[in-house]
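What's in data-v4.cif: mmCIF, C-alpha atoms and all ligand atoms
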data_run
loop_
_atom_site.label_atom_id
_atom_site.label_comp_id
_atom_site.auth_asym_id
_atom_site.auth_seq_id
_atom_site.Cartn_x
_atom_site.Cartn_y
_atom_site.Cartn_z
CA MET K 1 38.89 -96.13 -145.17
CA THR K 2 40.61 -96.18 -148.53
CA ASN K 3 40.88 -93.16 -150.69
CA GLN K 4 38.46 -93.71 -153.54
CA SER K 5 39.86 -91.07 -155.86
CA GLY K 6 39.12 -91.90 -159.47
CA GLN K 7 36.14 -94.07 -158.52
CA ALA K 8 32.52 -93.13 -158.76
CA PRO K 9 31.12 -92.15 -155.37
CA LYS K 10 28.83 -94.65 -153.67
CA PRO K 11 25.83 -92.56 -152.81
CA SER K 12 23.79 -95.54 -151.67
CA ARG K 13 26.20 -96.45 -148.89
CA GLY K 14 26.48 -92.83 -147.85
CA SER K 15 22.75 -92.28 -147.72
CA ARG K 16 22.16 -95.51 -145.83
CA THR K 17 24.74 -94.40 -143.25
CA LYS K 18 23.00 -91.04 -142.94
CA LEU K 19 19.61 -92.69 -142.54
CA ARG K 20 20.93 -95.15 -139.95
CA ALA K 21 22.39 -92.27 -137.94
CA HIS K 22 19.13 -90.34 -138.24
CA PHE K 23 17.03 -93.26 -137.02
CA LEU K 24 19.40 -93.89 -134.11
CA ALA K 25 19.28 -90.20 -133.16
CA ASN K 26 15.47 -90.29 -133.20
CA ILE K 27 14.58 -93.51 -131.41
CA GLY K 28 10.96 -93.54 -130.36
CA ARG K 29 9.95 -90.58 -132.55
CA VAL K 30 7.59 -91.09 -135.50
CA MET K 31 9.03 -89.71 -138.73
CA ASP K 32 7.54 -89.23 -142.16
CA GLY K 33 8.94 -89.79 -145.62
CA SER K 34 9.88 -86.20 -146.34
CA GLU K 35 12.02 -86.08 -143.20
CA LEU K 36 13.72 -89.36 -144.09
CA ARG K 37 14.27 -88.24 -147.66
CA SER K 38 16.08 -85.14 -146.53
CA ALA K 39 17.98 -87.13 -143.88
CA ALA K 40 19.18 -89.42 -146.69
CA GLY K 41 20.49 -86.42 -148.61
CA GLY K 42 17.39 -85.84 -150.71
CA ILE K 43 17.75 -88.97 -152.83
CA SER K 44 14.71 -90.62 -154.37
CA GLU K 45 15.99 -94.04 -153.26
CA TRP K 46 15.57 -93.29 -149.56
CA ALA K 47 12.76 -95.83 -149.14
CA ARG K 48 14.97 -98.57 -150.58
CA ARG K 49 17.71 -97.60 -148.11
CA VAL K 50 15.18 -97.85 -145.26
CA ARG K 51 14.28 -101.36 -146.44
CA GLU K 52 17.98 -102.26 -146.48
CA LEU K 53 18.37 -101.07 -142.91
CA ARG K 54 15.44 -103.24 -142.00
CA ASN K 55 16.11 -106.34 -144.11
CA GLU K 56 19.89 -106.42 -144.33
CA GLU K 57 20.91 -104.83 -141.05
CA GLY K 58 17.97 -106.02 -138.99
CA PHE K 59 16.80 -102.67 -137.60
CA GLN K 60 13.20 -103.04 -136.45
CA ILE K 61 11.86 -100.01 -138.28
CA LEU K 62 8.10 -100.08 -137.80
CA THR K 63 5.43 -98.88 -140.25
CA HIS K 64 1.64 -98.96 -140.37
CA HIS K 65 1.97 -102.64 -141.29
CA ASP K 66 3.35 -103.24 -137.79
CA ARG K 67 1.48 -100.74 -135.67
CA ALA K 68 -2.14 -99.68 -135.93
CA ASP K 69 -1.32 -96.21 -134.57
CA LEU K 70 1.14 -95.44 -137.39
CA LYS K 71 -0.24 -93.89 -140.56
CA PRO K 72 0.92 -95.00 -144.01
CA GLY K 73 4.19 -93.22 -144.72
CA GLU K 74 5.22 -93.01 -141.07
CA TYR K 75 8.30 -94.75 -139.69
CA LEU K 76 9.42 -95.50 -136.17
CA LEU K 77 12.52 -97.12 -134.70
CA GLU K 78 11.79 -98.09 -131.10
CA VAL K 79 14.93 -99.99 -130.14
CA ALA K 80 18.48 -99.29 -131.22
CA LYS K 81 19.55 -102.91 -131.21
CA PRO K 82 19.14 -104.70 -134.55
CA GLN K 83 17.85 -108.26 -134.67
CA PRO K 84 20.75 -110.71 -134.47
CA ALA K 85 22.27 -111.61 -137.83
CA PHE K 86 21.53 -115.33 -137.43
CA ALA K 87 17.81 -114.62 -137.38
CA ARG K 88 18.18 -113.09 -140.82
CA ALA K 89 20.42 -115.81 -142.28
CA ILE K 90 17.45 -118.18 -142.53
CA SER K 91 16.22 -118.52 -146.11
CA LYS K 92 12.92 -117.11 -147.28
CA GLU K 93 11.75 -120.64 -148.08
CA THR K 94 12.53 -121.92 -144.58
CA ARG K 95 10.84 -118.88 -143.03
CA ALA K 96 7.72 -119.43 -145.15
CA PHE K 97 7.69 -123.14 -144.28
CA VAL K 98 7.99 -122.52 -140.54
CA LEU K 99 5.35 -119.76 -140.52
CA ASP K 100 2.93 -121.96 -142.45
CA ARG K 101 3.61 -124.97 -140.22
CA ASN K 102 2.95 -122.80 -137.15
CA GLY K 103 -0.28 -121.45 -138.67
CA PHE K 104 1.11 -117.87 -138.75
CA THR K 105 0.70 -117.89 -134.97
CA CYS K 106 3.24 -116.93 -132.32
CA GLN K 107 4.22 -120.16 -130.58
CA MET K 108 4.69 -118.34 -127.28
CA CYS K 109 1.59 -116.17 -126.86
CA GLY K 110 -0.75 -117.30 -129.66
CA ALA K 111 -0.90 -113.92 -131.43
CA VAL K 112 -1.86 -114.21 -135.10
CA ALA K 113 0.12 -112.44 -137.85
CA GLY K 114 -1.45 -109.18 -138.99
CA GLU K 115 -4.03 -109.06 -136.18
CA PRO K 116 -3.83 -106.63 -133.24
CA HIS K 117 -1.55 -108.12 -130.61
CA PRO K 118 -3.56 -109.61 -127.69
CA TYR K 119 -1.30 -107.97 -125.09
CA ASP K 120 -0.77 -104.65 -126.91
CA ALA K 121 -3.69 -103.80 -129.17
CA THR K 122 -1.85 -100.81 -130.63
CA ARG K 123 0.53 -103.20 -132.38
CA LYS K 124 -0.24 -105.43 -135.32
CA THR K 125 1.30 -108.81 -134.75
CA ARG K 126 4.47 -109.24 -136.74
CA LEU K 127 6.07 -112.67 -136.71
CA HIS K 128 9.75 -113.48 -136.62
CA ILE K 129 11.54 -116.79 -136.70
CA GLY K 130 13.03 -117.92 -133.41
CA HIS K 131 15.05 -120.92 -132.34
CA VAL K 132 13.66 -123.70 -130.17
CA ILE K 133 17.14 -124.51 -128.90
CA ASP K 134 19.21 -121.35 -128.94
CA LYS K 135 22.12 -121.09 -131.36
CA SER K 136 24.45 -120.49 -128.42
CA MET K 137 23.36 -123.87 -127.03
CA GLY K 138 24.14 -125.64 -130.30
CA GLY K 139 20.70 -125.28 -131.90
CA SER K 140 20.62 -125.32 -135.69
CA ASP K 141 18.93 -123.17 -138.35
CA GLU K 142 17.02 -126.25 -139.57
CA ALA K 143 13.25 -125.85 -139.78
CA SER K 144 12.89 -128.48 -137.04
CA ASN K 145 14.64 -126.11 -134.61
CA LEU K 146 12.68 -123.01 -135.65
CA LYS K 147 9.38 -121.54 -134.53
CA ALA K 148 7.21 -118.51 -135.25
CA ILE K 149 7.49 -115.86 -132.54
CA CYS K 150 5.91 -112.41 -132.48
CA SER K 151 7.87 -109.18 -132.03
CA VAL K 152 6.35 -108.64 -128.57
CA CYS K 153 7.56 -112.04 -127.30
CA ASN K 154 10.80 -111.61 -129.25
CA GLU K 155 11.50 -108.45 -127.25
CA GLY K 156 10.59 -110.26 -124.07
CA ALA K 157 7.79 -107.74 -123.54
CA ALA K 158 4.98 -110.24 -123.16
CA ASN K 159 5.47 -110.91 -119.50
CA ILE K 160 3.07 -113.77 -119.30
CA THR K 161 3.04 -117.46 -118.65
CA LEU K 162 3.87 -118.95 -121.98
CA GLN K 163 2.97 -122.56 -121.51
CA ARG K 164 0.39 -124.29 -123.64
CA PRO K 165 -2.91 -124.74 -121.81
CA GLU K 166 -3.70 -128.28 -120.75
CA LEU K 167 -6.54 -129.86 -122.70
CA ASN K 168 -8.83 -130.46 -119.72
CA LYS K 169 -8.50 -126.82 -118.58
CA LEU K 170 -9.00 -125.61 -122.12
CA LEU K 171 -12.21 -127.62 -122.48
CA VAL K 172 -13.53 -126.27 -119.19
CA GLN K 173 -12.92 -122.74 -120.45
CA VAL K 174 -14.64 -123.48 -123.76
CA ARG K 175 -17.69 -125.05 -122.07
CA ARG K 176 -18.07 -122.00 -119.84
CA ALA K 177 -17.82 -119.56 -122.75
CA THR K 178 -20.89 -117.91 -124.30
CA ALA K 179 -22.54 -119.66 -127.24
CA ALA K 180 -21.49 -116.77 -129.44
CA ASP K 181 -17.84 -117.21 -128.44
CA GLN K 182 -18.09 -120.96 -128.90
CA LEU K 183 -19.44 -120.43 -132.41
CA GLU K 184 -16.63 -117.99 -133.13
CA LEU K 185 -14.17 -120.61 -131.90
CA LEU K 186 -15.81 -123.27 -134.07
CA ARG K 187 -15.50 -121.04 -137.14
CA TRP K 188 -11.86 -120.38 -136.31
CA LEU K 189 -11.16 -124.12 -135.94
CA GLN K 190 -13.04 -124.97 -139.13
CA ASN K 191 -11.02 -122.37 -141.00
CA LYS K 192 -7.76 -123.63 -139.51
CA PHE K 193 -8.44 -127.29 -140.34
CA LYS K 194 -10.31 -126.89 -143.65
CA ALA K 195 -9.27 -128.89 -146.72
ZN ZN K 201 4.04 -113.74 -128.99
#
Show me the file's structure as structure tokens.
Ligand SMILES: [Zn+2]
Amino acid sequence: MTNQSGQAPKPSRGSRTKLRAHFLANIGRVMDGSELRSAAGGISEWARRVRELRNEEGFQILTHHDRADLKPGEYLLEVAKPQPAFARAISKETRAFVLDRNGFTCQMCGAVAGEPHPYDATRKTRLHIGHVIDKSMGGSDEASNLKAICSVCNEGAANITLQRPELNKLLVQVRRATAADQLELLRWLQNKFKA
């Protein structure tokens, strides 16, 4: 660390460091804004620092947008490990393109963005961008090597068979379903393929 005498202090960096330490010391505990504000040193910019921890450093800080059991203004860090940097190096445009191409649906479990997760109804489905061929195996950050993947699958928590159903088995399931469920499916398909 260099001595910064003569320079203006950098409160933002200091408060982000304090907030990071506070989150890491309180993994799994729901915290509210007033606690985070005081943890950040009482600055009014604490919420921006939280966003930086999330967007720039990749900490998976959850809010009511991610989890149905969190109230607005509540924050929760469940895992200490940030998302890998490569997952965040992908441009906003590429992310948007891949999510749209994948119908805002997790390509592993079929969960839809913003809806309760099928395997954990307390969580709203939040989509990330994953690699088809892993970076460590030479996979690229091109859209052709990217897919939408939900946070549950991303954490490896969805311990389920993740293969696409075969068409003949799918049709059997659909034919056996109630008329009401078939109609719901029809509406979903019509909405997906409209235009
Ligand atoms: Zn998933």
Using all atoms listed in the file, which residues of the polymer chains come no farther than 7 Å from ligand ZN 201 (chain K)? I'd like the answer as a JSON list (two decimals) with C-alpha atoms, in the frame of the given file.
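What follows is the written file out_4.json:
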[["chain", "number", "residue", "atom", "x", "y", "z"],
["K", 106, "CYS", "CA", 3.24, -116.93, -132.32],
["K", 107, "GLN", "CA", 4.22, -120.16, -130.58],
["K", 108, "MET", "CA", 4.69, -118.34, -127.28],
["K", 109, "CYS", "CA", 1.59, -116.17, -126.86],
["K", 110, "GLY", "CA", -0.75, -117.30, -129.66],
["K", 111, "ALA", "CA", -0.90, -113.92, -131.43],
["K", 149, "ILE", "CA", 7.49, -115.86, -132.54],
["K", 150, "CYS", "CA", 5.91, -112.41, -132.48],
["K", 151, "SER", "CA", 7.87, -109.18, -132.03],
["K", 152, "VAL", "CA", 6.35, -108.64, -128.57],
["K", 153, "CYS", "CA", 7.56, -112.04, -127.30],
["K", 158, "ALA", "CA", 4.98, -110.24, -123.16]]
(Q) So that I can check the surroundings of stretch 35-45 of chain K, please list as a list of chain:residue names every protein, DNA and RNA residue that reaches within 6 Å of it, counting all atoms listed in the file and ignoring chain neighbours fewer than 3 positions away. (A)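 Residues meeting the cut-off are K:Ser15, K:Lys18, K:Leu19, K:Asp32, K:Arg48.
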Residues near K:Gly73, cut-off 12 Å, all atoms listed in the file, skip fewer than 4 positions along chain, as a CSV table (one decimal) with C-alpha atoms, in the coordinates of the input:
chain,number,residue,atom,x,y,z
K,30,VAL,CA,7.6,-91.1,-135.5
K,31,MET,CA,9.0,-89.7,-138.7
K,32,ASP,CA,7.5,-89.2,-142.2
K,33,GLY,CA,8.9,-89.8,-145.6
K,34,SER,CA,9.9,-86.2,-146.3
K,35,GLU,CA,12.0,-86.1,-143.2
K,36,LEU,CA,13.7,-89.4,-144.1
K,37,ARG,CA,14.3,-88.2,-147.7
K,47,ALA,CA,12.8,-95.8,-149.1
K,50,VAL,CA,15.2,-97.8,-145.3
K,62,LEU,CA,8.1,-100.1,-137.8
K,63,THR,CA,5.4,-98.9,-140.2
K,64,HIS,CA,1.6,-99.0,-140.4
K,65,HIS,CA,2.0,-102.6,-141.3
K,69,ASP,CA,-1.3,-96.2,-134.6
(Q) What's around K:Asn26 at 10 Å? Count all atoms listed in the file, leave out sequence neighbours fewer than 6 positions away in its own chain, and write the answer as a ChimeraX atom specification. (A) /K:20,76-78,80
Q. Closest to K:Ser144 among K:Thr94, K:Thr178, K:Gln173, K:Thr122, using only C-alpha atoms?
A. K:Thr94
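The closest residue to K:Ile90, picked from K:Ala113, K:Leu186, K:Leu53, K:Ile129 and counting all atoms listed in the file, is K:Ile129.
Comparing K:Lys92, K:Arg101, K:Lys169, K:Arg67 by their smallest distance to K:Lys124, the closest is K:Arg67 (using only C-alpha atoms).
Counting all atoms listed in the file and comparing K:Ala180, K:Ala68, K:Ala148, K:Ala143, the residue that lies closest to K:His128 is K:Ala148.
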Q.
So that I can see what lies close to K:Ala89, please list as a PyMOL selection string the residues with an atom at most 12 Å from it, counting only C-alpha atoms and leaving out residues fewer than 4 positions away in the same chain.
A. chain K and resi 55-58+83-85+93-95+129-130+140-142
Q.
Report, in Å with one decimal, the straight-line distance from atom CA of K:Ala25 to atom CA of K:Phe59.
A.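 The value is 13.5 Å.
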Q.
As an exercise, work out the distance from atom CA of K:Val79 to atom CA of K:Trp46 in Å and give it to one decimal place.
A. 20.6 Å
(Q) Quick check, in Å to one decimal: how far apart do atom CA of K:Lys71 and atom CA of K:Leu99 lie? (A) 26.5 Å
